[in-house]
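For reference, the structure discussed in these notes is given below.
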Number of protein chains: 2
Amino acid sequence: MSNPTALARTPEPPYYAVVFTSQRAAGDQGYEAMAARMVELGSSYDGFLGIESARGADGFGITVSYWRDEAAISAWQRNTEHQQAQRGGQATWYADYAVRVARVERAYGKS
Amino acid sequence: MSNPTALARTPEPPYYAVVFTSQRAAGDQGYEAMAARMVELGSSYDGFLGIESARGADGFGITVSYWRDEAAISAWQRNTEHQQAQRGGQATWYADYAVRVARVERAYGKS
């Protein structure tokens with residue numbers, strides 16, 4: 001299973017990124033278990049390349065998942081458990097969120 | 001000045017995102033002041049659309065800045081203070097980092 005609180009080792013671009021930014025609502029209400037399950041489930045999908053996630057003490061967080069192509073993203077979006085989690089996110093876990101789907105064109109690192 | 005720990009209000013795609021993921025090294029060593037200055041300075045650039053940033057207690061963080069086009073990103077990359085900060089990041093502030101430049105193709109929110 002991917003560790004989302006470490007740098008993802010992605011291939012050479014191009015590939016896709018789904019940038020999910022969110023403000024958590026108060027209380028856990030099953031959030032941590034759901035989030036861990038979504039990482040486990042999503043990372044089993046064909047075309048999954050990696051995931052990175054950070055959330056501050058103020059509840060504002062960013063999760064970026066990386067995908068081979070749009071078709072891989074679409075397949076994951078159709079997953080039933082993922083759709084249930086999205087409904088829970090809308091109703092319970094997030095005060096607000098935004099999703100941006102982007103094509104990574106270039107990338108570089110520290111070394 | 002933009003508040004980087006809140007959702008950015010970006011226009012309709014297409015536009016660009018610079019996804020900066022990093023693992024902080026130990027100690028502040030001027031980091032917080034530099035980071036605030038970079039938000040202030042970067043957000044004054046033509047073509048800047050917004051910024052979002054989150055870092056967990058483990059020091060792993062993600063900052064996403066949004067830009068009208070590649071030319072706006074390039075202009076900001078040429079800023080002298082920004083280049084000094086990048087050298088500081090390489091030498092002092094970050095144990096590791098990755099930068100990905102991506103073209104946002106679609107976006108949606110909670111409501």
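Naming works like this for the structure tokens: A, B, ... for the chains as they're shown, residue 1 at the start of each chain, ligands 1 onward in shown order.
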Quick check: residues of chain B within 6 Å of chain A, only C-alpha atoms, returned as a ChimeraX atom specification.
/B:54-56,61,96-110
Superposition output for chain B against chain A, all Cα paired in order, as a PDB file with C-alpha atoms, in the first residue's frame:
ATOM      1  CA  MET B   1       0.035   0.016   0.025  1.00  0.00           C
ATOM      2  CA  SER B   2       1.241   3.507  -0.847  1.00  0.00           C
ATOM      3  CA  ASN B   3       2.368   5.799   1.940  1.00  0.00           C
ATOM      4  CA  PRO B   4       0.614   9.096   1.194  1.00  0.00           C
ATOM      5  CA  THR B   5       2.781  11.177   3.534  1.00  0.00           C
ATOM      6  CA  ALA B   6       5.952  10.766   1.509  1.00  0.00           C
ATOM      7  CA  LEU B   7       7.066  11.873  -1.946  1.00  0.00           C
ATOM      8  CA  ALA B   8       5.551   9.738  -4.707  1.00  0.00           C
ATOM      9  CA  ARG B   9       7.950   8.152  -7.181  1.00  0.00           C
ATOM     10  CA  THR B  10       6.250   8.923 -10.454  1.00  0.00           C
ATOM     11  CA  PRO B  11       7.489   8.140 -13.987  1.00  0.00           C
ATOM     12  CA  GLU B  12       8.531  10.708 -16.568  1.00  0.00           C
ATOM     13  CA  PRO B  13       5.666  12.992 -17.675  1.00  0.00           C
ATOM     14  CA  PRO B  14       3.189  13.140 -19.208  1.00  0.00           C
ATOM     15  CA  TYR B  15       0.758  11.647 -16.712  1.00  0.00           C
ATOM     16  CA  TYR B  16      -2.247  12.958 -14.789  1.00  0.00           C
ATOM     17  CA  ALA B  17      -2.752  14.438 -11.331  1.00  0.00           C
ATOM     18  CA  VAL B  18      -5.992  14.724  -9.374  1.00  0.00           C
ATOM     19  CA  VAL B  19      -5.574  17.580  -6.894  1.00  0.00           C
ATOM     20  CA  PHE B  20      -8.115  17.316  -4.075  1.00  0.00           C
ATOM     21  CA  THR B  21      -8.104  20.245  -1.641  1.00  0.00           C
ATOM     22  CA  SER B  22     -10.447  20.197   1.321  1.00  0.00           C
ATOM     23  CA  GLN B  23     -11.435  21.731   4.604  1.00  0.00           C
ATOM     24  CA  ARG B  24     -12.425  19.070   7.127  1.00  0.00           C
ATOM     25  CA  ALA B  25     -15.605  19.405   9.147  1.00  0.00           C
ATOM     26  CA  ALA B  26     -15.332  18.879  12.915  1.00  0.00           C
ATOM     27  CA  GLY B  27     -15.044  15.370  14.381  1.00  0.00           C
ATOM     28  CA  ASP B  28     -13.669  12.160  12.908  1.00  0.00           C
ATOM     29  CA  GLN B  29     -16.977  10.385  12.196  1.00  0.00           C
ATOM     30  CA  GLY B  30     -15.212   7.523  10.462  1.00  0.00           C
ATOM     31  CA  TYR B  31     -13.036   9.801   8.349  1.00  0.00           C
ATOM     32  CA  GLU B  32      -9.601   8.321   9.081  1.00  0.00           C
ATOM     33  CA  ALA B  33     -10.735   4.765   8.381  1.00  0.00           C
ATOM     34  CA  MET B  34     -12.418   5.830   5.137  1.00  0.00           C
ATOM     35  CA  ALA B  35      -9.341   7.797   4.005  1.00  0.00           C
ATOM     36  CA  ALA B  36      -7.016   4.848   4.629  1.00  0.00           C
ATOM     37  CA  ARG B  37      -9.412   2.521   2.806  1.00  0.00           C
ATOM     38  CA  MET B  38      -9.574   4.864  -0.202  1.00  0.00           C
ATOM     39  CA  VAL B  39      -5.754   4.909  -0.444  1.00  0.00           C
ATOM     40  CA  GLU B  40      -5.670   1.112  -0.249  1.00  0.00           C
ATOM     41  CA  LEU B  41      -8.444   0.670  -2.795  1.00  0.00           C
ATOM     42  CA  GLY B  42      -7.370   3.418  -5.222  1.00  0.00           C
ATOM     43  CA  SER B  43      -3.765   2.269  -5.286  1.00  0.00           C
ATOM     44  CA  SER B  44      -4.878  -1.177  -6.425  1.00  0.00           C
ATOM     45  CA  TYR B  45      -6.280   0.288  -9.662  1.00  0.00           C
ATOM     46  CA  ASP B  46      -4.538  -0.162 -12.979  1.00  0.00           C
ATOM     47  CA  GLY B  47      -2.839   3.106 -13.936  1.00  0.00           C
ATOM     48  CA  PHE B  48      -2.404   4.366 -10.370  1.00  0.00           C
ATOM     49  CA  LEU B  49       1.056   5.931 -10.083  1.00  0.00           C
ATOM     50  CA  GLY B  50       1.187   7.328  -6.558  1.00  0.00           C
ATOM     51  CA  ILE B  51      -0.429   9.531  -3.929  1.00  0.00           C
ATOM     52  CA  GLU B  52       0.698  12.369  -1.687  1.00  0.00           C
ATOM     53  CA  SER B  53      -1.334  13.868   1.138  1.00  0.00           C
ATOM     54  CA  ALA B  54      -0.889  16.532   3.806  1.00  0.00           C
ATOM     55  CA  ARG B  55      -3.279  18.151   6.269  1.00  0.00           C
ATOM     56  CA  GLY B  56      -2.513  20.885   8.765  1.00  0.00           C
ATOM     57  CA  ALA B  57      -3.805  21.185  12.325  1.00  0.00           C
ATOM     58  CA  ASP B  58      -6.395  23.689  11.009  1.00  0.00           C
ATOM     59  CA  GLY B  59      -8.057  20.902   9.006  1.00  0.00           C
ATOM     60  CA  PHE B  60      -7.072  22.243   5.591  1.00  0.00           C
ATOM     61  CA  GLY B  61      -5.596  19.480   3.469  1.00  0.00           C
ATOM     62  CA  ILE B  62      -4.348  18.598   0.001  1.00  0.00           C
ATOM     63  CA  THR B  63      -4.228  15.127  -1.533  1.00  0.00           C
ATOM     64  CA  VAL B  64      -2.722  14.598  -4.970  1.00  0.00           C
ATOM     65  CA  SER B  65      -3.089  11.250  -6.695  1.00  0.00           C
ATOM     66  CA  TYR B  66      -1.195  10.473  -9.883  1.00  0.00           C
ATOM     67  CA  TRP B  67      -2.530   8.428 -12.782  1.00  0.00           C
ATOM     68  CA  ARG B  68      -1.305   7.119 -16.107  1.00  0.00           C
ATOM     69  CA  ASP B  69      -4.171   8.651 -18.076  1.00  0.00           C
ATOM     70  CA  GLU B  70      -7.738   9.952 -17.901  1.00  0.00           C
ATOM     71  CA  ALA B  71      -9.158   6.465 -18.464  1.00  0.00           C
ATOM     72  CA  ALA B  72      -7.533   5.233 -15.238  1.00  0.00           C
ATOM     73  CA  ILE B  73      -9.043   8.181 -13.337  1.00  0.00           C
ATOM     74  CA  SER B  74     -12.465   7.459 -14.793  1.00  0.00           C
ATOM     75  CA  ALA B  75     -12.307   3.795 -13.809  1.00  0.00           C
ATOM     76  CA  TRP B  76     -11.477   4.745 -10.208  1.00  0.00           C
ATOM     77  CA  GLN B  77     -14.291   7.316 -10.196  1.00  0.00           C
ATOM     78  CA  ARG B  78     -16.742   4.551 -11.110  1.00  0.00           C
ATOM     79  CA  ASN B  79     -15.756   2.393  -8.107  1.00  0.00           C
ATOM     80  CA  THR B  80     -18.817   1.903  -5.907  1.00  0.00           C
ATOM     81  CA  GLU B  81     -17.006   2.252  -2.562  1.00  0.00           C
ATOM     82  CA  HIS B  82     -15.317   5.397  -3.853  1.00  0.00           C
ATOM     83  CA  GLN B  83     -18.665   6.861  -4.842  1.00  0.00           C
ATOM     84  CA  GLN B  84     -20.044   6.068  -1.362  1.00  0.00           C
ATOM     85  CA  ALA B  85     -17.032   7.828   0.175  1.00  0.00           C
ATOM     86  CA  GLN B  86     -17.639  10.848  -2.061  1.00  0.00           C
ATOM     87  CA  ARG B  87     -21.223  11.053  -0.830  1.00  0.00           C
ATOM     88  CA  GLY B  88     -19.951  10.851   2.759  1.00  0.00           C
ATOM     89  CA  GLY B  89     -17.463  13.598   1.999  1.00  0.00           C
ATOM     90  CA  GLN B  90     -20.189  15.822   0.658  1.00  0.00           C
ATOM     91  CA  ALA B  91     -22.567  15.162   3.554  1.00  0.00           C
ATOM     92  CA  THR B  92     -20.297  14.765   6.562  1.00  0.00           C
ATOM     93  CA  TRP B  93     -16.519  14.933   6.345  1.00  0.00           C
ATOM     94  CA  TYR B  94     -15.765  18.100   4.396  1.00  0.00           C
ATOM     95  CA  ALA B  95     -16.947  21.638   5.021  1.00  0.00           C
ATOM     96  CA  ASP B  96     -15.709  22.433   1.516  1.00  0.00           C
ATOM     97  CA  TYR B  97     -13.555  20.904  -1.207  1.00  0.00           C
ATOM     98  CA  ALA B  98     -12.323  21.302  -4.753  1.00  0.00           C
ATOM     99  CA  VAL B  99     -11.136  18.734  -7.290  1.00  0.00           C
ATOM    100  CA  ARG B 100      -8.849  19.635 -10.177  1.00  0.00           C
ATOM    101  CA  VAL B 101      -7.766  17.181 -12.855  1.00  0.00           C
ATOM    102  CA  ALA B 102      -4.508  18.197 -14.488  1.00  0.00           C
ATOM    103  CA  ARG B 103      -2.049  16.843 -17.026  1.00  0.00           C
ATOM    104  CA  VAL B 104       1.495  16.852 -15.622  1.00  0.00           C
ATOM    105  CA  GLU B 105       3.775  18.192 -18.325  1.00  0.00           C
ATOM    106  CA  ARG B 106       7.128  18.425 -16.545  1.00  0.00           C
ATOM    107  CA  ALA B 107       8.576  17.473 -13.195  1.00  0.00           C
ATOM    108  CA  TYR B 108      11.844  17.774 -11.305  1.00  0.00           C
ATOM    109  CA  GLY B 109      13.162  17.033  -7.832  1.00  0.00           C
ATOM    110  CA  LYS B 110      15.824  18.061  -5.387  1.00  0.00           C
ATOM    111  CA  SER B 111      18.703  15.999  -6.711  1.00  0.00           C
TER     112      SER B 111
END
Mind checking DSSP for chain B and telling me the strand (DSSP E) residues as number ranges by chain?
B: 15-24, 48-55, 60-67, 94-109
Select from segment 18-100 of chain B everything DSSP, run on the backbone, classes as helix (DSSP H, G or I), then give the selection as JSON, numbers by chain.
{"B": [31, 32, 33, 34, 35, 36, 37, 38, 39, 40, 41, 42, 70, 71, 72, 73, 74, 75, 76, 77, 80, 81, 82, 83, 84, 85, 86, 87, 88, 89, 90, 91, 92, 93]}
